[in-house]
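Q: Got a structure for you, questions after.
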Amino acid sequence: ELRNTRIACLSPARNGGLWFGLEHSAYGFHDARGGWFVGKNPHGDVDWDVRSLLEDAHGTLWIGGEYCSQIASGTTNLQLLFASLPQSPFVNALFQDSKGRTWLGTTSQGLYYWQNDKLNQLSDPAVDSSIIYALAEDHQGHLWVGTHTGLLCYGSDLQRVRGRFTGSEITCLLVDRHGVLWIGTRGDGLIQYKNGTFTSLRKTDGLASDFILALAEDQEGSLWVGTQDGMSQLTDVKFPTYSTQEGIPGDNAVHSVSASSRGGLWVGMTVGALY
């Protein structure tokens with residue numbers, strides 16, 4: 001029995017389906033034909049707070065939360081990634097970079113990456129005590145890490161790039177097709193980082209809210225911004241907002257957004273999902 005229908009994260013599958021993570025109710029899959037199932041934690045129940053998941057380029061499914069695991073393509077076997085530790089770190093963010101490394105951002109227990117079938121920890125005290133909410137890679141190969149105290153950047157050599165970056169609490173990150181870094185914050189709106197310059201967009205500029213929860217880019221290049229008060233769409237020519245009147249039910253909070261390979265958009269909310 002599901003404890004919660006709040007969809008905390010979405011990840012497109014290679015076959016056209018959609019993986020979804022539920023708050024305190026494990027994870028599930030919705031296939032292209034309309035069928036679906038819900039997975040279970042290593043103890044055989046759905047008590048699993050899944051705030052991040054990812055199907056990588058090889059078809060491996062990575063599932064975050066307190067039982068961070070991977071399921072190899074073509075199997076149903078959960079492999080716990082932190083089985084050797086007394087307590088598994090809580091994984092908030094999962095991301096695969098251009099080198100094929102899968103990154104895992106945790107709550108105050110460091111930043112890890114999976115490479116050559118081995119889990120490694122990034123050595124940097126600055127990130128070890130951070131709550132990592134988001135990860136992204138720009139077109140120059142820099143890794144951006146969004147935390148509860150601001151933004152960190154690492155070069156291709158995995159050394160921290162010194163610089164003055166935003167000190168806002170970061171909730172989500174996205175690098176669009178033009179190489180622009182978009183930064184969602186908890187109360188400071190949406191920040192754009194382009195050519196070394198930060199620019200802010202706020203509710204006063206037309207955003208649905210200054211509390212950003214999710215970011216996604218669709219096939220047409222529009223940027224979709226999920227907020228606690230609905231969703232905004234950014235294009236070159238318009239800045240509309242979507243809320244209850246446009247079909248988003250309940251409290252209007254949009255917790256996750258993912259572009260569909262068939263076109264259109266999946267929107268995860270407090271009470272399920274819309275397409």
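Just remember, in the structure tokens the first chain shown is A, the second B, etc., residues are 1-based per chain, and ligands are 1-based in the order shown.
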I'd like the neighbourhood of region 89-91 of chain A as a list in words, where a residue qualifies if any of its atoms comes within 7 Å (using only C-alpha atoms), though same-chain residues fewer than 6 positions away should be ignored.

A: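 Surrounding residues, per the criterion: Gly64, Gly65, Glu66, Cys68, Leu104, Gly105, Thr106, Thr107 and Gln109 of chain A.
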
Q: As a PDB file with C-alpha atoms, in the first residue's frame, please: the residues near region 78-81 of chain A (cut-off 12 Å, only C-alpha atoms, same-chain neighbours under 5 positions excluded).

A:
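Okay, this is what ended up in part.pdb:
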```pdb
ATOM      1  CA  GLY A  39       9.027  -1.391  -6.930  1.00  0.00           C
ATOM      2  CA  LYS A  40      10.007  -2.218  -3.358  1.00  0.00           C
ATOM      3  CA  ASN A  41      12.927  -1.549  -1.058  1.00  0.00           C
ATOM      4  CA  PRO A  42      15.503  -4.240  -0.131  1.00  0.00           C
ATOM      5  CA  HIS A  43      13.212  -5.354   2.730  1.00  0.00           C
ATOM      6  CA  GLY A  44      10.327  -6.067   0.373  1.00  0.00           C
ATOM      7  CA  THR A  60      21.030   0.719 -15.551  1.00  0.00           C
ATOM      8  CA  LEU A  61      18.489   2.184 -13.137  1.00  0.00           C
ATOM      9  CA  TRP A  62      19.905   4.196 -10.231  1.00  0.00           C
ATOM     10  CA  ILE A  63      17.584   4.801  -7.276  1.00  0.00           C
ATOM     11  CA  GLY A  64      18.392   7.347  -4.581  1.00  0.00           C
ATOM     12  CA  GLY A  65      17.107   7.849  -1.085  1.00  0.00           C
ATOM     13  CA  GLU A  66      18.194   5.952   2.010  1.00  0.00           C
ATOM     14  CA  TYR A  67      18.618   2.623   0.158  1.00  0.00           C
ATOM     15  CA  CYS A  68      20.624   3.961  -2.776  1.00  0.00           C
ATOM     16  CA  SER A  69      20.808   1.112  -5.277  1.00  0.00           C
ATOM     17  CA  GLN A  70      21.288   0.198  -8.907  1.00  0.00           C
ATOM     18  CA  ILE A  71      19.433  -2.324 -11.043  1.00  0.00           C
ATOM     19  CA  ALA A  72      21.390  -3.548 -14.066  1.00  0.00           C
ATOM     20  CA  SER A  73      19.625  -3.534 -17.435  1.00  0.00           C
ATOM     21  CA  GLN A  87      24.396   3.583   7.567  1.00  0.00           C
ATOM     22  CA  SER A  88      23.785   4.366   3.922  1.00  0.00           C
ATOM     23  CA  PRO A  89      23.973   8.062   2.982  1.00  0.00           C
ATOM     24  CA  PHE A  90      20.713   9.623   1.844  1.00  0.00           C
ATOM     25  CA  VAL A  91      21.111  10.337  -1.880  1.00  0.00           C
ATOM     26  CA  THR A 102      27.284   8.478 -12.407  1.00  0.00           C
ATOM     27  CA  LEU A 104      25.555  10.728  -6.305  1.00  0.00           C
ATOM     28  CA  TYR A 112      30.389  10.218  -4.859  1.00  0.00           C
ATOM     29  CA  TYR A 113      30.850   8.962  -8.406  1.00  0.00           C
ATOM     30  CA  TRP A 114      30.629   5.488  -9.945  1.00  0.00           C
ATOM     31  CA  ASP A 117      32.348  -0.526 -11.477  1.00  0.00           C
ATOM     32  CA  LYS A 118      33.714   1.234  -8.402  1.00  0.00           C
ATOM     33  CA  LEU A 119      32.273   3.851  -6.076  1.00  0.00           C
ATOM     34  CA  ASN A 120      34.623   6.784  -5.377  1.00  0.00           C
TER      35      ASN A 120
END
```

Q: If we count only C-alpha atoms, what is near Gly150 (chain A) at a cut-off of 12 Å, once residues fewer than 6 positions away on the same chain are taken out, given as a list of chain:residue names?

A: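 In the requested form, the answer reads A:Ala126, A:Val127, A:Ser130, A:Ile131, A:Ile132, A:Tyr133, A:Ala134, A:Trp144, A:Arg164, A:Phe165, A:Thr166, A:Gly167, A:Ser168, A:Glu169, A:Ile170, A:Thr171, A:Cys172, A:Leu173, A:Ile183, A:Gly184, A:Thr185, A:Arg186, A:Asp188, A:Ile191.
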
Q: Mind dumping the selected residues with C-alpha atoms as a PDB file, in the first residue's frame?

A:
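Result written to out39.pdb:
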```
ATOM      1  CA  ALA A 126      33.678  21.984   1.241  1.00  0.00           C
ATOM      2  CA  VAL A 127      31.219  19.473  -0.171  1.00  0.00           C
ATOM      3  CA  SER A 130      26.811  20.061   2.320  1.00  0.00           C
ATOM      4  CA  ILE A 131      23.286  18.934   1.588  1.00  0.00           C
ATOM      5  CA  ILE A 132      23.527  18.306  -2.166  1.00  0.00           C
ATOM      6  CA  TYR A 133      20.240  18.815  -3.972  1.00  0.00           C
ATOM      7  CA  ALA A 134      21.272  19.039  -7.629  1.00  0.00           C
ATOM      8  CA  TRP A 144      28.058  22.099 -10.967  1.00  0.00           C
ATOM      9  CA  ARG A 164      32.077  33.892  -6.565  1.00  0.00           C
ATOM     10  CA  PHE A 165      28.945  31.892  -7.194  1.00  0.00           C
ATOM     11  CA  THR A 166      25.442  32.350  -5.846  1.00  0.00           C
ATOM     12  CA  GLY A 167      24.939  31.779  -2.139  1.00  0.00           C
ATOM     13  CA  SER A 168      21.238  30.946  -2.457  1.00  0.00           C
ATOM     14  CA  GLU A 169      19.906  27.550  -1.410  1.00  0.00           C
ATOM     15  CA  ILE A 170      19.861  25.534  -4.646  1.00  0.00           C
ATOM     16  CA  THR A 171      17.014  23.124  -5.378  1.00  0.00           C
ATOM     17  CA  CYS A 172      17.648  22.130  -9.025  1.00  0.00           C
ATOM     18  CA  LEU A 173      20.074  22.689 -11.927  1.00  0.00           C
ATOM     19  CA  ILE A 183      19.662  27.471 -11.229  1.00  0.00           C
ATOM     20  CA  GLY A 184      16.488  26.943  -9.235  1.00  0.00           C
ATOM     21  CA  THR A 185      16.485  28.328  -5.701  1.00  0.00           C
ATOM     22  CA  ARG A 186      14.429  28.082  -2.542  1.00  0.00           C
ATOM     23  CA  ASP A 188      15.293  33.549  -4.649  1.00  0.00           C
ATOM     24  CA  ILE A 191      18.992  32.296 -11.832  1.00  0.00           C
TER      25      ILE A 191
END
```

Q: Give the helix (DSSP H, G or I) residues of region 42-245 of chain A, as DSSP finds them on the backbone, and put them as a list in words.

A: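 Here is the list: Pro125, Ala126, Val127, Asp128, Lys203, Thr204, Asp205, Thr244 and Gln245 of chain A.
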
Q: With only C-alpha atoms as the atoms that count, which of A:Leu18, A:Leu54, A:Leu181, A:Leu234 lies nearest to Trp36 (chain A)?

A: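 For Trp36 (chain A), the nearest of the candidates is A:Leu18.
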
Q: Between A:Ala32, A:Ser256, A:Arg101, A:Pro125, which is the closest to Arg6 (chain A) once you count only C-alpha atoms?

A: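 Checking each candidate against Arg6 (chain A), we get A:Ser256 as the closest.
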
Q: Excluding His30 (chain A) and any residue of its chain fewer than 2 positions from it, enumerate the residues within 9 Å of it, using only C-alpha atoms, and give them as a list in words.

A: Gly17, Leu18, Trp19, Phe20, Gly28, Ala32, Arg33, Gly34, Gly35, Trp36 and Phe37 of chain A
